[in-house]
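Chemist: Pasting in a structure now, in structure tokens, and then I'll have a few things to ask.
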Amino acid sequence: METLRNAIFVPHGAPTFALDPGAAGAAMSQLASQLPTPRAIIVVSPHWDTAVPTVSTATQLETIYDFYGFPEALYKIKYPATGCPEGAQEVVAALQKRFDNVATDPTRGLDHGAWTPLRQMFPDADIPIIAVSIQSHAGTAHALAMGEALEELTHKGFLVIGSGNITHNLGDYRMAAMQGGQTPAYVQSFADWVESELTNHHVQRMMDYRQHSREGVRSHPTEDHLLPLFVAMGAAGKDANAKAFYRGISSYVIAMDGYTFT
């Protein structure tokens with residue numbers, strides 16, 4: 001296959017994805033097996049949302065259960081990842097070239113948006129992890145700029161993983177669940193639109209997706225779960241080609257599309 005860039009966007013779905021990863025999980029595992037072993041992984045999850053870009057400098061990363069009301073088995077899962085304080089400082093330095101205010105957190109662990117896909121892709125937890133937050137208030141251009149700042153590290157052995165979902169409307173999920181789990185048509189429509197825009201290098205249209213796609217607005221009442229895609233896009237570089245390594249829709253009204261860059 002083509003040489004992969006050290007930047008990918010993966011789905012993490014609902015927390016139960018950790019118990020039943022299905023075809024999406026299998027595709028993620030296969031993708032990980034094709035990647036060179038990273039020096040460290042930079043993971044960006046929508047479930048760590050801060051005022052300014054923040055980098056975890058923790059040495060040991062707690063498995064955070066940032067959800068409630070799910071099967072007890074989920075709360076017994078551990079992902080015993082180690083941090084990378086030295087690499088975290090390189091991440092901070094890279095981000096400071098683009099942003100005036102960059103913070104660190106010496107205790108932040110991994111929320112389910114981070115540990116769920118990492119556990120699927122790197123089950124031995126033997127690669128150091130550096131968590132980086134999003135800023136949902138700052139929009140898509142800010143997220144892309146974060147990725148662009150991290151691009152230099154992808155040439156130094158770091159793997160950038162953006163974790164989120166192509167669609168994420170929990171209100172529609174609840175409605176669909178009450179109506180037998182049927183996924184509304186807009187989910188597929190927006191997933192198709194995203195794939196077309198990415199493969200045709202329409203970066204500006206992607207950043208302005210709320211103006212160009214009515215389905216995009218419905219797919220994301222809030223932008224947090226799509227922003228990690230823009231981080232991955234920026235980290236991949238301006239000449240990168242996006243390719244879907246998995247396409248599928250779940251009854252959670254979440255398009256489980258994952259992308260890698262070549």
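Order determines the names: the first chain of the structure tokens is A, the second B, and so forth; residues in each chain are numbered 1 upward, and ligands are numbered 1 upward as they are shown.
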Quick one: residues within 7 Å of Thr199 in chain A, only C-alpha atoms counted, chain neighbours fewer than 4 positions away excluded, as a JSON list (two decimals) with N, CA and C atoms, in the first residue's frame?
Modeler:
```json
[["chain", "number", "residue", "atom", "x", "y", "z"],
["A", 195, "GLU", "N", -16.16, 12.79, 2.60],
["A", 195, "GLU", "CA", -15.20, 12.02, 1.81],
["A", 195, "GLU", "C", -14.90, 12.71, 0.49],
["A", 241, "ASN", "N", -2.94, 13.35, 0.77],
["A", 241, "ASN", "CA", -4.17, 12.79, 0.21],
["A", 241, "ASN", "C", -4.90, 12.01, 1.30],
["A", 242, "ALA", "N", -6.16, 12.34, 1.52],
["A", 242, "ALA", "CA", -6.95, 11.66, 2.54],
["A", 242, "ALA", "C", -7.62, 10.44, 1.93],
["A", 243, "LYS", "N", -7.57, 9.33, 2.66],
["A", 243, "LYS", "CA", -8.22, 8.10, 2.22],
["A", 243, "LYS", "C", -8.97, 7.48, 3.40]]
```
Chemist: Considering only C-alpha atoms, return as a PyMOL selection string whatever protein or nucleic-acid residues lie within 9 Å of range 46-58 of chain A, sequence-local ones (same chain, fewer than 4 positions apart) excluded.
Modeler: chain A and resi 66+82-89+91-92+95+99+101-114+130-138+146+162-164+223-228
Chemist: Write the residues of the preceding selection, restricted to C-alpha atoms, as a short mmCIF file (atom, residue, chain, number, x, y, z; two decimals), in the first residue's frame.
Modeler:
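Everything below was put into again05.cif:
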```
data_model
loop_
_atom_site.label_atom_id
_atom_site.label_comp_id
_atom_site.auth_asym_id
_atom_site.auth_seq_id
_atom_site.Cartn_x
_atom_site.Cartn_y
_atom_site.Cartn_z
CA ASP A 66 -15.89 10.13 31.60
CA THR A 82 2.82 5.82 30.07
CA GLY A 83 3.28 9.47 29.25
CA CYS A 84 6.25 11.11 27.59
CA PRO A 85 7.21 14.29 29.49
CA GLU A 86 10.23 14.94 27.26
CA GLY A 87 8.18 14.54 24.09
CA ALA A 88 5.42 16.65 25.62
CA GLN A 89 7.84 19.55 25.86
CA VAL A 91 4.78 19.33 21.53
CA VAL A 92 4.55 22.48 23.65
CA LEU A 95 2.46 24.70 19.43
CA PHE A 99 -0.10 30.11 19.57
CA ASN A 101 -0.79 30.80 25.05
CA VAL A 102 -0.06 27.09 25.49
CA ALA A 103 -0.60 25.34 28.82
CA THR A 104 0.52 22.06 30.37
CA ASP A 105 -1.25 19.68 32.74
CA PRO A 106 0.93 17.39 34.87
CA THR A 107 -1.90 15.03 35.85
CA ARG A 108 -4.20 14.66 32.84
CA GLY A 109 -4.86 11.07 31.82
CA LEU A 110 -6.78 9.55 28.91
CA ASP A 111 -10.54 10.02 28.50
CA HIS A 112 -12.57 7.46 26.57
CA GLY A 113 -12.13 9.39 23.34
CA ALA A 114 -8.42 8.67 23.67
CA ILE A 130 0.88 12.61 24.85
CA ALA A 131 -2.66 13.96 25.19
CA VAL A 132 -3.48 17.36 23.69
CA SER A 133 -6.76 19.21 24.23
CA ILE A 134 -9.14 20.82 21.76
CA GLN A 135 -10.74 24.27 21.94
CA SER A 136 -14.29 23.78 20.76
CA HIS A 137 -15.04 27.52 20.99
CA ALA A 138 -12.26 28.38 18.52
CA MET A 146 -2.98 23.17 15.71
CA GLY A 162 -7.33 12.77 15.99
CA SER A 163 -10.20 10.90 17.63
CA GLY A 164 -13.82 11.87 17.04
CA GLU A 223 -18.30 20.97 16.71
CA ASP A 224 -16.17 19.17 19.26
CA HIS A 225 -16.28 15.68 17.70
CA LEU A 226 -15.29 16.89 14.23
CA LEU A 227 -12.44 19.20 15.26
CA PRO A 228 -9.88 16.38 15.73
#
```
Chemist: Within 6 Å of range 157-161 of chain A, counting only C-alpha atoms, which residues show up once you throw out same-chain ones fewer than 3 positions away? Write them as a count of residues only, please.
Modeler: 12
Chemist: Counting only C-alpha atoms, what is within 7 Å of Met121 in chain A, bar same-chain residues fewer than 2 positions away, as a ChimeraX atom specification?
Modeler: /A:28-29,32,117-119,123
Chemist: Could you check how far CA of Asn169 in chain A sits from CA of Leu61 in chain A, in Å to one decimal?
Modeler: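 Computed distance, CA of Asn169 in chain A to CA of Leu61 in chain A, equals 29.1 Å.
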Chemist: Considering only C-alpha atoms, state which residue in the set A:Ala93, A:Ile254, A:Val44, A:Leu19 is at the smallest distance from Pro184 in chain A.
Modeler: A:Ile254
Chemist: Of the candidates A:Asn165, A:Thr140, A:Ser250, A:Gln179, which shows the shortest atom-to-atom distance to Tyr209 in chain A, using only C-alpha atoms?
Modeler: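 Nearest candidate to Tyr209 in chain A out of A:Asn165, A:Thr140, A:Ser250, A:Gln179: A:Thr140.
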Chemist: Which is closest to Ala232 in chain A among A:Thr3, A:Gln34, A:Thr260, A:Thr16, if we use only C-alpha atoms?
Modeler: A:Thr260
Chemist: Suppose you want the space between CA of Arg98 in chain A and CA of Ala149 in chain A; what is it in Å?
Modeler: 6.3 Å
Chemist: Could you go through range 104-168 of chain A and tell me which residues DSSP, when run on the backbone, assigns to strand (DSSP E), listing them as JSON, numbers by chain?
Modeler: {"A": [104, 105, 129, 130, 131, 132, 133, 134, 158, 159, 160, 161, 162, 163, 164]}
Chemist: Can you pull out the residues contacting Tyr186 in chain A? Cut-off 10 Å, using only C-alpha atoms, and skip same-chain residues under 6 positions away; I want them as a PyMOL selection string.
Modeler: chain A and resi 167+192+214-216+218-219+253
Chemist: Quote the spacing between CA of Tyr259 in chain A and CA of Arg210 in chain A in Å to one decimal place.
Modeler: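 Going from CA of Tyr259 in chain A over to CA of Arg210 in chain A, I get 20.3 Å.
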Chemist: With only C-alpha atoms as the basis for distance, which of A:His142, A:Ala244, A:Ile129, A:Pro21 is at the shortest distance from Ser196 in chain A?
Modeler: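 Among the listed residues, the smallest separation from Ser196 in chain A belongs to A:Ala244.
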Chemist: So which one's closest to Leu229 in chain A, A:Ala27, A:Ile249, A:Leu198, A:Leu35? Using only C-alpha atoms, please.
Modeler: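 With only C-alpha atoms as the atom set, the closest residue is A:Leu198.
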Chemist: Can you pull out every residue from range 51-120 of chain A that DSSP, working from the backbone, puts in alpha helix (DSSP H), and format the result as JSON, numbers by chain?
Modeler: {"A": [85, 86, 87, 88, 89, 90, 91, 92, 93, 94, 95, 96, 112, 113, 114, 115, 116, 117, 118, 119, 120]}
Chemist: Nearest residue to Ile64 in chain A out of A:Asp20, A:Thr37, A:Asn200, A:Trp115, using only C-alpha atoms?
Modeler: A:Trp115
